[in-house]
Amino acid sequence: MKNLMLVIVTTLISSFAFADAKVGSPAPDFAVTDAQGKPQNLKDYKGKYVILEWYNKDCPYVRKHYDSKNMQKIQADMTGKGVVWLTVISSAKEKQGYLAPAEAIANGAKEASKASAILLDASGTMGKAYGAKTTPHMFLIDPEGKIRYAGAIDDNDSSDKKTVETAQNYIVAATSSAMKGEKIAKETSKPYGCSVKY
């Protein structure tokens, strides 16, 4: 009986810890600092499309998209259209993928990242508010602050970078449709990758 109660309590705690932001709902606000030491809040980007990308430099699924230069190309294309791209690092201190501010700046330069900013969320507060489960895990937020897409970056969950060229990219398609005022064909998908190291 005691074990059953422990399982129930643990399950309840887990459900409260991860909000799991839903498509069509207002995106959770956040107050974090980026790698440059600048405060970052979602409300500062009202009126703009925002893409959130969860990142872990040591995850092979992240490496698939960065080593193939796929992620940097998408970042450049999106920011060139006025979209704000925020790369989020939710790895806790001493966990895989954690980067201190100076390390995050150096790593971003090494990756040739084209993100608007790299957000440092070592407490995991932002990641848990969104229910970010994997790296990468992608979210699209519209100018009104509503989530329009949540899930995987594309439809191929292999870590092989050769699959990038033939994969259907969900975040690109969702953003393109949203900006044209069209219905998004795929609003949600199961995210794939390494677990976020909270």
# chains A, B, ... in the order shown; residues from 1 in each chain; ligands from 1
>>> select_by_dssp(residues="stretch 35-194 of chain A", states="helix (DSSP H, G or I)", output="PDB file with C-alpha atoms, in the first residue's frame")
ATOM      1  CA  LEU A  42       8.319  35.960 -24.416  1.00  0.00           C
ATOM      2  CA  LYS A  43       6.267  39.154 -24.011  1.00  0.00           C
ATOM      3  CA  ASP A  44       9.171  41.098 -25.532  1.00  0.00           C
ATOM      4  CA  TYR A  45       8.440  39.338 -28.842  1.00  0.00           C
ATOM      5  CA  PRO A  60      23.525  12.674 -31.637  1.00  0.00           C
ATOM      6  CA  TYR A  61      20.114  13.826 -32.895  1.00  0.00           C
ATOM      7  CA  VAL A  62      21.150  17.445 -32.433  1.00  0.00           C
ATOM      8  CA  ARG A  63      24.471  16.651 -34.076  1.00  0.00           C
ATOM      9  CA  LYS A  64      22.570  15.231 -37.071  1.00  0.00           C
ATOM     10  CA  HIS A  65      21.034  18.638 -37.746  1.00  0.00           C
ATOM     11  CA  TYR A  66      24.062  20.794 -36.887  1.00  0.00           C
ATOM     12  CA  ASP A  67      26.800  18.694 -38.495  1.00  0.00           C
ATOM     13  CA  ASN A  70      20.558  21.811 -41.672  1.00  0.00           C
ATOM     14  CA  MET A  71      19.707  23.638 -38.447  1.00  0.00           C
ATOM     15  CA  GLN A  72      21.867  26.645 -39.271  1.00  0.00           C
ATOM     16  CA  LYS A  73      20.272  26.911 -42.737  1.00  0.00           C
ATOM     17  CA  ILE A  74      16.765  26.835 -41.281  1.00  0.00           C
ATOM     18  CA  GLN A  75      17.739  29.364 -38.610  1.00  0.00           C
ATOM     19  CA  ALA A  76      19.127  31.728 -41.264  1.00  0.00           C
ATOM     20  CA  ASP A  77      16.060  31.303 -43.500  1.00  0.00           C
ATOM     21  CA  MET A  78      13.640  31.928 -40.643  1.00  0.00           C
ATOM     22  CA  THR A  79      15.419  34.880 -39.062  1.00  0.00           C
ATOM     23  CA  GLY A  80      15.781  36.356 -42.566  1.00  0.00           C
ATOM     24  CA  PRO A 101      27.434  31.541 -20.458  1.00  0.00           C
ATOM     25  CA  ALA A 102      30.963  31.881 -21.886  1.00  0.00           C
ATOM     26  CA  GLU A 103      30.874  28.247 -23.034  1.00  0.00           C
ATOM     27  CA  ALA A 104      27.492  28.775 -24.694  1.00  0.00           C
ATOM     28  CA  ILE A 105      28.826  31.794 -26.604  1.00  0.00           C
ATOM     29  CA  ALA A 106      31.915  29.873 -27.752  1.00  0.00           C
ATOM     30  CA  ASN A 107      29.841  26.833 -28.676  1.00  0.00           C
ATOM     31  CA  GLY A 108      27.358  28.956 -30.632  1.00  0.00           C
ATOM     32  CA  ALA A 109      30.242  30.423 -32.628  1.00  0.00           C
ATOM     33  CA  LYS A 110      31.684  26.956 -33.225  1.00  0.00           C
ATOM     34  CA  GLU A 111      28.299  25.709 -34.450  1.00  0.00           C
ATOM     35  CA  THR A 125      11.800  26.037 -15.371  1.00  0.00           C
ATOM     36  CA  MET A 126      11.231  27.081 -18.979  1.00  0.00           C
ATOM     37  CA  GLY A 127      11.642  23.579 -20.370  1.00  0.00           C
ATOM     38  CA  LYS A 128       9.172  22.110 -17.893  1.00  0.00           C
ATOM     39  CA  ALA A 129       6.663  24.911 -18.549  1.00  0.00           C
ATOM     40  CA  TYR A 130       6.639  23.866 -22.204  1.00  0.00           C
ATOM     41  CA  LYS A 161      22.522  13.075 -41.022  1.00  0.00           C
ATOM     42  CA  LYS A 162      22.018  11.581 -44.502  1.00  0.00           C
ATOM     43  CA  THR A 163      18.276  11.450 -43.781  1.00  0.00           C
ATOM     44  CA  TYR A 170       7.597  20.074 -39.856  1.00  0.00           C
ATOM     45  CA  ILE A 171       8.780  23.361 -38.327  1.00  0.00           C
ATOM     46  CA  VAL A 172       9.545  24.891 -41.737  1.00  0.00           C
ATOM     47  CA  ALA A 173       6.196  23.798 -43.155  1.00  0.00           C
ATOM     48  CA  ALA A 174       4.275  25.004 -40.088  1.00  0.00           C
ATOM     49  CA  THR A 175       5.949  28.409 -40.076  1.00  0.00           C
ATOM     50  CA  SER A 176       5.476  28.869 -43.812  1.00  0.00           C
ATOM     51  CA  SER A 177       1.767  28.027 -43.608  1.00  0.00           C
ATOM     52  CA  ALA A 178       1.192  30.213 -40.545  1.00  0.00           C
ATOM     53  CA  MET A 179       2.892  33.225 -42.131  1.00  0.00           C
TER      54      MET A 179
END
>>> residues_around(residues="A:Gln40", least_positions_apart="5", cutoff="6 Å", atoms="only C-alpha atoms", output="list in words")
Ala31, Val32 and Thr33 of chain A
>>> residues_around(residues="A:Pro136", least_positions_apart="6", cutoff="9 Å", atoms="only C-alpha atoms", output="JSON, numbers by chain")
{"A": [53, 54, 55, 56, 59, 61, 62, 151, 152, 153, 191, 192, 193, 194, 196]}
>>> write_last_selection(atoms="C-alpha atoms", output="PDB file, in the first residue's frame")
ATOM      1  CA  GLU A  53      14.516  24.864 -30.309  1.00  0.00           C
ATOM      2  CA  TRP A  54      15.687  22.713 -27.393  1.00  0.00           C
ATOM      3  CA  TYR A  55      19.395  21.979 -27.713  1.00  0.00           C
ATOM      4  CA  ASN A  56      22.099  19.707 -26.277  1.00  0.00           C
ATOM      5  CA  CYS A  59      23.069  14.680 -28.399  1.00  0.00           C
ATOM      6  CA  TYR A  61      20.114  13.826 -32.895  1.00  0.00           C
ATOM      7  CA  VAL A  62      21.150  17.445 -32.433  1.00  0.00           C
ATOM      8  CA  GLY A 151       6.867  18.412 -31.696  1.00  0.00           C
ATOM      9  CA  ALA A 152       9.686  17.001 -33.780  1.00  0.00           C
ATOM     10  CA  ILE A 153      11.703  19.035 -36.245  1.00  0.00           C
ATOM     11  CA  PRO A 191       9.332  14.747 -30.603  1.00  0.00           C
ATOM     12  CA  TYR A 192      12.379  12.561 -31.048  1.00  0.00           C
ATOM     13  CA  GLY A 193      15.953  12.825 -29.779  1.00  0.00           C
ATOM     14  CA  CYS A 194      17.787  12.635 -26.472  1.00  0.00           C
ATOM     15  CA  VAL A 196      16.276  16.817 -21.919  1.00  0.00           C
TER      16      VAL A 196
END
>>> select_by_dssp(residues="stretch 42-115 of chain A", states="strand (DSSP E or B)", output="PyMOL selection string")
chain A and resi 50-54+84-89
>>> atom_distance(atom1="atom CA of A:Pro39", atom2="atom CA of A:Ala117")
10.5 Å
>>> residues_around(residues="A:Pro143", least_positions_apart="5", cutoff="9 Å", atoms="only C-alpha atoms", output="VMD selection string")
chain A and resid 45 to 50
>>> closest_residue(among="A:Gly181, A:Gly145, A:Gly97, A:Gly131", to="A:Asp20", atoms="only C-alpha atoms")
A:Gly131
>>> residues_around(residues="A:Gly124", least_positions_apart="6", cutoff="8 Å", atoms="only C-alpha atoms", output="NGL selection string")
:A and (90-92 or 198)
>>> atom_distance(atom1="atom CA of A:Phe139", atom2="atom CA of A:Ile51")
5.6 Å
>>> closest_residue(among="A:Leu140, A:Ala112, A:Ile118, A:Val84", to="A:Lys22", atoms="only C-alpha atoms")
A:Leu140
>>> decode(residues="stretch 77-113 of chain A", atoms="N, CA, C and O atoms", output="PDB file, in the first residue's frame")
ATOM      1  N   ASP A  77      17.256  31.060 -42.678  1.00  0.00           N
ATOM      2  CA  ASP A  77      16.060  31.303 -43.500  1.00  0.00           C
ATOM      3  C   ASP A  77      14.953  31.954 -42.680  1.00  0.00           C
ATOM      4  O   ASP A  77      14.317  32.916 -43.116  1.00  0.00           O
ATOM      5  N   MET A  78      14.725  31.426 -41.482  1.00  0.00           N
ATOM      6  CA  MET A  78      13.640  31.928 -40.643  1.00  0.00           C
ATOM      7  C   MET A  78      13.914  33.343 -40.119  1.00  0.00           C
ATOM      8  O   MET A  78      13.054  34.216 -40.190  1.00  0.00           O
ATOM      9  N   THR A  79      15.112  33.555 -39.591  1.00  0.00           N
ATOM     10  CA  THR A  79      15.419  34.880 -39.062  1.00  0.00           C
ATOM     11  C   THR A  79      15.448  35.919 -40.191  1.00  0.00           C
ATOM     12  O   THR A  79      15.133  37.088 -39.974  1.00  0.00           O
ATOM     13  N   GLY A  80      15.808  35.470 -41.403  1.00  0.00           N
ATOM     14  CA  GLY A  80      15.781  36.356 -42.566  1.00  0.00           C
ATOM     15  C   GLY A  80      14.376  36.821 -42.916  1.00  0.00           C
ATOM     16  O   GLY A  80      14.193  37.857 -43.572  1.00  0.00           O
ATOM     17  N   LYS A  81      13.376  36.057 -42.463  1.00  0.00           N
ATOM     18  CA  LYS A  81      11.967  36.418 -42.693  1.00  0.00           C
ATOM     19  C   LYS A  81      11.359  37.135 -41.497  1.00  0.00           C
ATOM     20  O   LYS A  81      10.147  37.331 -41.431  1.00  0.00           O
ATOM     21  N   GLY A  82      12.213  37.478 -40.516  1.00  0.00           N
ATOM     22  CA  GLY A  82      11.727  38.209 -39.350  1.00  0.00           C
ATOM     23  C   GLY A  82      11.273  37.351 -38.193  1.00  0.00           C
ATOM     24  O   GLY A  82      10.738  37.854 -37.199  1.00  0.00           O
ATOM     25  N   VAL A  83      11.489  36.038 -38.312  1.00  0.00           N
ATOM     26  CA  VAL A  83      11.125  35.127 -37.223  1.00  0.00           C
ATOM     27  C   VAL A  83      12.215  35.179 -36.145  1.00  0.00           C
ATOM     28  O   VAL A  83      13.410  35.225 -36.467  1.00  0.00           O
ATOM     29  N   VAL A  84      11.819  35.177 -34.888  1.00  0.00           N
ATOM     30  CA  VAL A  84      12.771  35.135 -33.777  1.00  0.00           C
ATOM     31  C   VAL A  84      13.058  33.662 -33.472  1.00  0.00           C
ATOM     32  O   VAL A  84      12.130  32.884 -33.255  1.00  0.00           O
ATOM     33  N   TRP A  85      14.324  33.290 -33.486  1.00  0.00           N
ATOM     34  CA  TRP A  85      14.713  31.889 -33.224  1.00  0.00           C
ATOM     35  C   TRP A  85      15.468  31.839 -31.897  1.00  0.00           C
ATOM     36  O   TRP A  85      16.533  32.438 -31.757  1.00  0.00           O
ATOM     37  N   LEU A  86      14.901  31.128 -30.940  1.00  0.00           N
ATOM     38  CA  LEU A  86      15.523  31.015 -29.628  1.00  0.00           C
ATOM     39  C   LEU A  86      15.947  29.572 -29.372  1.00  0.00           C
ATOM     40  O   LEU A  86      15.107  28.671 -29.317  1.00  0.00           O
ATOM     41  N   THR A  87      17.247  29.361 -29.258  1.00  0.00           N
ATOM     42  CA  THR A  87      17.792  28.053 -28.924  1.00  0.00           C
ATOM     43  C   THR A  87      17.842  27.961 -27.398  1.00  0.00           C
ATOM     44  O   THR A  87      18.380  28.857 -26.748  1.00  0.00           O
ATOM     45  N   VAL A  88      17.266  26.896 -26.844  1.00  0.00           N
ATOM     46  CA  VAL A  88      17.137  26.778 -25.390  1.00  0.00           C
ATOM     47  C   VAL A  88      17.969  25.601 -24.867  1.00  0.00           C
ATOM     48  O   VAL A  88      17.837  24.477 -25.363  1.00  0.00           O
ATOM     49  N   ILE A  89      18.805  25.872 -23.876  1.00  0.00           N
ATOM     50  CA  ILE A  89      19.599  24.818 -23.232  1.00  0.00           C
ATOM     51  C   ILE A  89      19.042  24.628 -21.826  1.00  0.00           C
ATOM     52  O   ILE A  89      19.207  25.487 -20.963  1.00  0.00           O
ATOM     53  N   SER A  90      18.359  23.493 -21.611  1.00  0.00           N
ATOM     54  CA  SER A  90      17.759  23.206 -20.310  1.00  0.00           C
ATOM     55  C   SER A  90      18.534  22.158 -19.515  1.00  0.00           C
ATOM     56  O   SER A  90      18.045  21.674 -18.498  1.00  0.00           O
ATOM     57  N   SER A  91      19.718  21.802 -19.972  1.00  0.00           N
ATOM     58  CA  SER A  91      20.544  20.846 -19.222  1.00  0.00           C
ATOM     59  C   SER A  91      20.931  21.441 -17.870  1.00  0.00           C
ATOM     60  O   SER A  91      21.393  22.586 -17.808  1.00  0.00           O
ATOM     61  N   ALA A  92      20.731  20.663 -16.817  1.00  0.00           N
ATOM     62  CA  ALA A  92      21.103  21.119 -15.473  1.00  0.00           C
ATOM     63  C   ALA A  92      22.620  21.113 -15.323  1.00  0.00           C
ATOM     64  O   ALA A  92      23.332  20.415 -16.053  1.00  0.00           O
ATOM     65  N   LYS A  93      23.110  21.888 -14.369  1.00  0.00           N
ATOM     66  CA  LYS A  93      24.548  21.943 -14.108  1.00  0.00           C
ATOM     67  C   LYS A  93      25.057  20.535 -13.794  1.00  0.00           C
ATOM     68  O   LYS A  93      24.402  19.777 -13.079  1.00  0.00           O
ATOM     69  N   GLU A  94      26.208  20.190 -14.375  1.00  0.00           N
ATOM     70  CA  GLU A  94      26.842  18.876 -14.221  1.00  0.00           C
ATOM     71  C   GLU A  94      26.115  17.765 -14.973  1.00  0.00           C
ATOM     72  O   GLU A  94      26.449  16.591 -14.818  1.00  0.00           O
ATOM     73  N   LYS A  95      25.109  18.121 -15.793  1.00  0.00           N
ATOM     74  CA  LYS A  95      24.449  17.135 -16.646  1.00  0.00           C
ATOM     75  C   LYS A  95      24.933  17.336 -18.084  1.00  0.00           C
ATOM     76  O   LYS A  95      25.430  18.414 -18.449  1.00  0.00           O
ATOM     77  N   GLN A  96      24.747  16.296 -18.912  1.00  0.00           N
ATOM     78  CA  GLN A  96      25.181  16.363 -20.311  1.00  0.00           C
ATOM     79  C   GLN A  96      24.546  17.569 -21.010  1.00  0.00           C
ATOM     80  O   GLN A  96      23.345  17.795 -20.904  1.00  0.00           O
ATOM     81  N   GLY A  97      25.380  18.322 -21.716  1.00  0.00           N
ATOM     82  CA  GLY A  97      24.873  19.440 -22.507  1.00  0.00           C
ATOM     83  C   GLY A  97      24.855  20.769 -21.784  1.00  0.00           C
ATOM     84  O   GLY A  97      24.606  21.807 -22.400  1.00  0.00           O
ATOM     85  N   TYR A  98      25.127  20.764 -20.469  1.00  0.00           N
ATOM     86  CA  TYR A  98      25.128  22.026 -19.725  1.00  0.00           C
ATOM     87  C   TYR A  98      26.253  22.917 -20.238  1.00  0.00           C
ATOM     88  O   TYR A  98      27.364  22.461 -20.481  1.00  0.00           O
ATOM     89  N   LEU A  99      25.956  24.213 -20.394  1.00  0.00           N
ATOM     90  CA  LEU A  99      26.969  25.177 -20.796  1.00  0.00           C
ATOM     91  C   LEU A  99      26.834  26.436 -19.950  1.00  0.00           C
ATOM     92  O   LEU A  99      25.736  26.985 -19.806  1.00  0.00           O
ATOM     93  N   ALA A 100      27.942  26.880 -19.383  1.00  0.00           N
ATOM     94  CA  ALA A 100      27.980  28.172 -18.712  1.00  0.00           C
ATOM     95  C   ALA A 100      27.916  29.251 -19.797  1.00  0.00           C
ATOM     96  O   ALA A 100      28.153  28.956 -20.979  1.00  0.00           O
ATOM     97  N   PRO A 101      27.594  30.495 -19.435  1.00  0.00           N
ATOM     98  CA  PRO A 101      27.434  31.541 -20.458  1.00  0.00           C
ATOM     99  C   PRO A 101      28.586  31.663 -21.454  1.00  0.00           C
ATOM    100  O   PRO A 101      28.348  31.655 -22.672  1.00  0.00           O
ATOM    101  N   ALA A 102      29.816  31.740 -20.971  1.00  0.00           N
ATOM    102  CA  ALA A 102      30.963  31.881 -21.886  1.00  0.00           C
ATOM    103  C   ALA A 102      31.096  30.653 -22.794  1.00  0.00           C
ATOM    104  O   ALA A 102      31.426  30.780 -23.983  1.00  0.00           O
ATOM    105  N   GLU A 103      30.812  29.486 -22.235  1.00  0.00           N
ATOM    106  CA  GLU A 103      30.874  28.247 -23.034  1.00  0.00           C
ATOM    107  C   GLU A 103      29.784  28.240 -24.096  1.00  0.00           C
ATOM    108  O   GLU A 103      30.005  27.791 -25.226  1.00  0.00           O
ATOM    109  N   ALA A 104      28.607  28.736 -23.743  1.00  0.00           N
ATOM    110  CA  ALA A 104      27.492  28.775 -24.694  1.00  0.00           C
ATOM    111  C   ALA A 104      27.795  29.721 -25.854  1.00  0.00           C
ATOM    112  O   ALA A 104      27.470  29.432 -27.012  1.00  0.00           O
ATOM    113  N   ILE A 105      28.441  30.843 -25.552  1.00  0.00           N
ATOM    114  CA  ILE A 105      28.826  31.794 -26.604  1.00  0.00           C
ATOM    115  C   ILE A 105      29.847  31.151 -27.535  1.00  0.00           C
ATOM    116  O   ILE A 105      29.713  31.199 -28.763  1.00  0.00           O
ATOM    117  N   ALA A 106      30.872  30.523 -26.951  1.00  0.00           N
ATOM    118  CA  ALA A 106      31.915  29.873 -27.752  1.00  0.00           C
ATOM    119  C   ALA A 106      31.342  28.728 -28.578  1.00  0.00           C
ATOM    120  O   ALA A 106      31.688  28.557 -29.751  1.00  0.00           O
ATOM    121  N   ASN A 107      30.442  27.961 -27.968  1.00  0.00           N
ATOM    122  CA  ASN A 107      29.841  26.833 -28.676  1.00  0.00           C
ATOM    123  C   ASN A 107      28.945  27.315 -29.821  1.00  0.00           C
ATOM    124  O   ASN A 107      28.931  26.720 -30.895  1.00  0.00           O
ATOM    125  N   GLY A 108      28.203  28.399 -29.577  1.00  0.00           N
ATOM    126  CA  GLY A 108      27.358  28.956 -30.632  1.00  0.00           C
ATOM    127  C   GLY A 108      28.181  29.407 -31.826  1.00  0.00           C
ATOM    128  O   GLY A 108      27.790  29.199 -32.979  1.00  0.00           O
ATOM    129  N   ALA A 109      29.349  30.000 -31.543  1.00  0.00           N
ATOM    130  CA  ALA A 109      30.242  30.423 -32.628  1.00  0.00           C
ATOM    131  C   ALA A 109      30.799  29.213 -33.374  1.00  0.00           C
ATOM    132  O   ALA A 109      30.865  29.196 -34.607  1.00  0.00           O
ATOM    133  N   LYS A 110      31.157  28.190 -32.619  1.00  0.00           N
ATOM    134  CA  LYS A 110      31.684  26.956 -33.225  1.00  0.00           C
ATOM    135  C   LYS A 110      30.636  26.297 -34.120  1.00  0.00           C
ATOM    136  O   LYS A 110      30.954  25.784 -35.196  1.00  0.00           O
ATOM    137  N   GLU A 111      29.398  26.306 -33.672  1.00  0.00           N
ATOM    138  CA  GLU A 111      28.299  25.709 -34.450  1.00  0.00           C
ATOM    139  C   GLU A 111      27.899  26.576 -35.645  1.00  0.00           C
ATOM    140  O   GLU A 111      27.160  26.129 -36.508  1.00  0.00           O
ATOM    141  N   ALA A 112      28.347  27.834 -35.660  1.00  0.00           N
ATOM    142  CA  ALA A 112      27.891  28.817 -36.646  1.00  0.00           C
ATOM    143  C   ALA A 112      26.377  28.989 -36.544  1.00  0.00           C
ATOM    144  O   ALA A 112      25.667  29.082 -37.543  1.00  0.00           O
ATOM    145  N   SER A 113      25.907  29.021 -35.298  1.00  0.00           N
ATOM    146  CA  SER A 113      24.475  29.175 -35.037  1.00  0.00           C
ATOM    147  C   SER A 113      23.974  30.503 -35.577  1.00  0.00           C
ATOM    148  O   SER A 113      24.647  31.527 -35.472  1.00  0.00           O
TER     149      SER A 113
END
